[in-house]
Amino acid sequence: MKREFREMLNQRGRKTLPNVLLAAAECAPLSKTGGLADVVGTLPKSLARLGIDARVITPYHRVIKEKYAAQVQHLFYFFVDLGWRHEYVGIEKLELDGVIIYLVDSERYFGDKIYRGGYDEIEQYAFFCRAVLNAIPNLGFTPDVVHCNDWHTAMIPMLARTQYHGAMQENMRFLLTIHNIAFQGKCGFDFVQDLLGVDAKYYTAEFMELYGCANFLKAGCVFAHKINTVSPSYAWEIRTPYFSEGLDGILNARANDLSGIINGIDKQVFNPKTDAKIPARFDRGHLKGKAQCKAALQQRLGLEVRADVPLFAMVTRMTEQKGFDLVTCALDELMSHEDMQFALLGSGDARFENFMRGAEARYKGRLCAYIGYNEELSHLYYAGSDFFLMPSRFEPCGLSQMLAMRYGSLPIVRETGGLRDTVTPYNKYTGEGDGFSFANYDAWELREAVRRALDCWKDEGVMRALVNNAMQADFGFEISAQEYAKLYICML
Ligand code: ADP
Ligand code: GLC
């Protein structure tokens with residue numbers, strides 16, 4: 001055990017590292033719609049290397065059943081009451097890469113989509129919070145810390161601390177990680193009261209009420225012992241009204257318990273030296289393979305196969321968060337004036353999908369919009385592109401820019417949240433940097449940042465140095481895992 005941990009434990013009169021149970025709606029590689037899954041999948045592996053027994057509890061979604069049913073072991077089952085509903089809960093176990101994952105089985109709630117939307121989704125995850133709490137005493141694993149992630153699991157601390165008097169759940173410690181404050185789990189209070197039996201005295205501004213709604217994330221912010229978010233910049237941003245989506249009041253009140261820990265990436269899964277999902281492998285000093293990946297990507301997407309044209313990529317959820325308003329403003333201007341190619345892999349809001357389909361028709365052979373989710377292909381996008389665009393309106397952390405850098409694709413980002421904390425903009429006077437950035441949410445600033453990137457493209461020496469810097473940046477989970485370990489210990 002690290003000396004620092006031992007000293008921290010001694011101060012608390014404890015000898016052993018805490019057991020941690022991570023509760024989350026998704027967990028890679030089992031189920032994934034975005035970066036949350038990557039973090040939940042990777043963090044326990046890095047914690048294990050520090051000697052912490054961290055296990056995951058997540059819904060047994062349809063997508064998991066389809067692929068992993070044969071490897072899953074049934075542990076036990078019970079029923080929970082949600083208002084008038086009497087629901088089956090199966091607890092299954094799966095071991096993956098040395099990490100134990102408990103799967104909450106319910107055909108009724110997890111038999112189709114990961115997120116059903118609207119009130120159905122509130123019901124799915126109210127059920128999940130209740131099922132997790134009631135499963136804990138029988139897991140054969142006693143967590144000291146329950147690490148909740150986003151609104152889907154944010155009711156757990158409140159339920160434990162207000163409804164489990166005298167039971168083991170009441171005395172556990174709760175950490176809430178906010179991966180994205182834009183999603184809060186809001187509904188009428190009568191619905192929460194019906195589903196979870198929450199006492200009406202908690203429906204006040206002091207507890208879970210916000211702007212006339214019951215708010216799961218707010219309840220988490222009130223009742224968790226500690227709160228963190230996924231980058232230092234986002235940790236202060238969410239204390240301001242612009243970013244907080246209404247939660248700045250409670251977050252400022254809890255400022256002493258709020259911190260920012262930057263995410264890492266899984267360096268084994270995303271490794272250009274060994275990645276089997278790309279047609280040729282490469283590393284910092286040997287970039288021939290990257291040129292082959294670029295040609296393969298161009299070919300696959302029906303783009304002109306040319307080494308001399310810069311290829312810009314985006315791999316993303318297509319929402320306002322990711323800066324698509326700016327892309328729709330600046331894209332035509334750039335595509336019609338610059339010799340460049342553009343490749344998108346993503347899905348989301350219909351208006352952005354349609355805009356990109358239209359752009360593909362306008363710039364056939366130079367622009368390809370692959371509308372959909374494709375894990376395999378995403379690797380080729382990172383490996384085959386020269387630049388990676390991420391002009392987010394807000395970005396709690398962002399993993400894609402780190403993945404792009406790992407594969408030598410230079411990020412062009414807006415200076416917000418984790419993008420600000422992970423990308424060092426190119427400074428033409430000192431030669432420092434590993435990407436490009438702009439400050440304001442403004443399409444012309446994005447255009448200028450792209451132009452700066454295009455200027456560098458013309459200078460082979462500068463490009464080589466920037467790619468080298470980007471690939472050298474260390475975004476492994478080791479440092480973040482240590483920060484989490486310290487946070488868990490100081491909660492004991
Ligand atoms: P967010 O979680 O906000 O969507 P992140 O950058 O943290 O953003 O994580 C996104 C993750 O999802 C990355 O691993 C990225 O490669 C992946 N991803 C996003 N969109 C797609 C897509 N259409 N196909 C494949 N992978 C995707
Ligand atoms: C959220 C955020 C993203 C972050 C991810 C993992 O989806 O939008 O910025 O990287 O969670 O923490």
# chains A, B, ... in the order shown; residues from 1 in each chain; ligands from 1
>>> closest_atom_pairs(of="chain A", to="ligand 2", cutoff="6 Å", atoms="only C-alpha atoms and all ligand atoms", output="Markdown table")
| residue | atom | partner | partner_atom_place_in_ligand_line | distance |
| --- | --- | --- | --- | --- |
| A:Gly34 | CA | ligand 2 | 7 (O) | 5.5 |
| A:Gly35 | CA | ligand 2 | 5 (C) | 4.0 |
| A:Leu36 | CA | ligand 2 | 6 (C) | 4.0 |
| A:Val39 | CA | ligand 2 | 6 (C) | 5.9 |
| A:His179 | CA | ligand 2 | 11 (O) | 4.1 |
| A:Asn180 | CA | ligand 2 | 1 (C) | 4.9 |
| A:Val230 | CA | ligand 2 | 12 (O) | 5.4 |
| A:Glu395 | CA | ligand 2 | 9 (O) | 4.4 |
| A:Pro396 | CA | ligand 2 | 9 (O) | 4.0 |
| A:Cys397 | CA | ligand 2 | 9 (O) | 3.8 |
| A:Gly398 | CA | ligand 2 | 10 (O) | 3.4 |
| A:Leu399 | CA | ligand 2 | 10 (O) | 4.9 |
>>> residues_around(residues="Thr177 of chain A", least_positions_apart="3", cutoff="8 Å", atoms="only C-alpha atoms", output="PyMOL selection string")
chain A and resi 147-150+227-230
>>> residues_around(residues="Leu251 of chain A", least_positions_apart="3", cutoff="10 Å", atoms="only C-alpha atoms", output="ChimeraX atom specification")
/A:218,221-222,227,235-236,238-240,244,246-248,254-258
>>> write_last_selection(atoms="N, CA and C atoms", output="short mmCIF file (atom, residue, chain, number, x, y, z; two decimals), in the first residue's frame")
data_model
loop_
_atom_site.label_atom_id
_atom_site.label_comp_id
_atom_site.auth_asym_id
_atom_site.auth_seq_id
_atom_site.Cartn_x
_atom_site.Cartn_y
_atom_site.Cartn_z
N LYS A 218 -30.17 16.85 -7.47
CA LYS A 218 -30.08 17.76 -6.32
C LYS A 218 -30.10 16.94 -5.02
N CYS A 221 -26.75 15.78 -4.42
CA CYS A 221 -25.84 16.84 -3.98
C CYS A 221 -26.08 17.17 -2.50
N VAL A 222 -27.30 17.01 -2.05
CA VAL A 222 -27.60 17.33 -0.64
C VAL A 222 -27.12 16.19 0.27
N ILE A 227 -18.85 15.26 -3.11
CA ILE A 227 -19.28 15.39 -4.50
C ILE A 227 -18.03 15.66 -5.32
N ALA A 235 -15.40 21.68 -12.20
CA ALA A 235 -15.78 21.78 -10.79
C ALA A 235 -16.05 23.23 -10.39
N TRP A 236 -15.32 24.17 -10.96
CA TRP A 236 -15.69 25.56 -10.64
C TRP A 236 -16.76 26.09 -11.59
N ILE A 238 -19.39 24.62 -12.66
CA ILE A 238 -20.76 24.27 -12.22
C ILE A 238 -21.18 25.03 -10.96
N ARG A 239 -20.29 25.84 -10.43
CA ARG A 239 -20.71 26.71 -9.33
C ARG A 239 -21.21 28.06 -9.85
N THR A 240 -21.26 28.20 -11.17
CA THR A 240 -21.77 29.45 -11.75
C THR A 240 -23.11 29.17 -12.45
N SER A 244 -24.43 25.68 -14.33
CA SER A 244 -24.94 24.78 -13.28
C SER A 244 -26.33 24.21 -13.54
N GLY A 246 -29.03 25.39 -12.75
CA GLY A 246 -29.88 25.61 -11.56
C GLY A 246 -29.30 25.07 -10.26
N LEU A 247 -28.17 24.36 -10.34
CA LEU A 247 -27.65 23.73 -9.12
C LEU A 247 -26.52 24.52 -8.45
N ASP A 248 -26.25 25.75 -8.92
CA ASP A 248 -25.12 26.49 -8.33
C ASP A 248 -25.35 26.79 -6.85
N ARG A 254 -22.09 23.57 -0.82
CA ARG A 254 -21.27 22.38 -0.53
C ARG A 254 -19.85 22.51 -1.07
N ALA A 255 -19.43 23.74 -1.33
CA ALA A 255 -18.14 23.94 -2.01
C ALA A 255 -16.98 23.21 -1.32
N ASN A 256 -17.02 23.11 0.00
CA ASN A 256 -15.93 22.44 0.70
C ASN A 256 -15.88 20.94 0.43
N ASP A 257 -16.99 20.40 -0.01
CA ASP A 257 -17.04 18.95 -0.29
C ASP A 257 -17.00 18.66 -1.78
N LEU A 258 -16.75 19.68 -2.58
CA LEU A 258 -16.79 19.50 -4.05
C LEU A 258 -15.38 19.58 -4.62
#
>>> residues_near_ligand(ligand="ligand 1", cutoff="10 Å", atoms="only C-alpha atoms and all ligand atoms", output="ChimeraX atom specification")
/A:28,32-39,179-180,230,263-266,270,314-319,321-322,344-348,370-379,381-382,390,392,394-404,418-419
>>> closest_residue(among="A:Met340, A:Ala291, A:Ala25, A:Ala313", to="Val104 of chain A", atoms="only C-alpha atoms")
A:Ala25
>>> residues_around(residues="Ile52 of chain A", least_positions_apart="5", cutoff="12 Å", atoms="only C-alpha atoms", output="PyMOL selection string")
chain A and resi 1-2+5+16-21+43-47+99+143-145+481-482+484-486+488-489
>>> select_by_dssp(residues="segment 138-334 of chain A", states="strand (DSSP E)", output="count of residues only")
33
>>> select_by_dssp(residues="segment 13-116 of chain A", states="helix (DSSP H, G or I)", output="list in words")
Gly35, Leu36, Ala37, Asp38, Val39, Val40, Gly41, Thr42, Leu43, Pro44, Lys45, Ser46, Leu47, Ala48, Arg49, Arg62, Val63, Ile64, Lys65, Glu66, Lys67, Tyr68, Ala69, Ala70, Gln71, Glu107, Arg108, Tyr109 and Phe110 of chain A
>>> closest_residue(among="A:Val192, A:Met8, A:His74, A:Gly166", to="Cys129 of chain A", atoms="only C-alpha atoms")
A:Val192
>>> atom_distance(atom1="atom CA of Phe78 of chain A", atom2="atom CA of Ala135 of chain A")
8.3 Å
>>> residues_around(residues="Ala465 of chain A", least_positions_apart="5", cutoff="12 Å", atoms="only C-alpha atoms", output="short mmCIF file (atom, residue, chain, number, x, y, z; two decimals) with C-alpha atoms, in the first residue's frame")
data_model
loop_
_atom_site.label_atom_id
_atom_site.label_comp_id
_atom_site.auth_asym_id
_atom_site.auth_seq_id
_atom_site.Cartn_x
_atom_site.Cartn_y
_atom_site.Cartn_z
CA ARG A 284 5.18 8.11 -31.74
CA GLY A 285 8.39 7.50 -33.64
CA GLY A 408 -1.88 11.37 -33.06
CA LEU A 410 -4.59 16.95 -33.04
CA TYR A 426 -0.10 25.48 -29.94
CA ASN A 427 2.07 28.51 -29.26
CA LYS A 428 3.91 29.41 -32.45
CA THR A 430 7.58 28.75 -28.09
CA GLY A 431 6.58 25.71 -30.12
CA GLU A 432 4.67 24.31 -27.12
CA GLY A 433 1.32 22.63 -27.45
CA ASP A 434 -0.56 19.55 -28.54
CA GLY A 435 -3.65 21.02 -30.17
CA CYS A 456 0.38 24.17 -39.26
CA TRP A 457 -0.59 21.44 -41.70
CA ASP A 459 4.60 22.99 -42.12
CA GLU A 460 5.78 19.42 -41.83
CA ALA A 470 -0.02 14.92 -28.41
CA MET A 471 0.96 11.25 -28.45
CA GLN A 472 3.27 11.80 -25.51
#
>>> atom_distance(atom1="atom CA of Thr424 of chain A", atom2="atom CA of Ala473 of chain A")
10.1 Å
>>> atom_distance(atom1="atom CA of Arg420 of chain A", atom2="atom CA of Glu478 of chain A")
20.2 Å
>>> closest_residue(among="A:Val327, A:Glu206, A:Asp386, A:Tyr441", to="Met463 of chain A", atoms="only C-alpha atoms")
A:Asp386
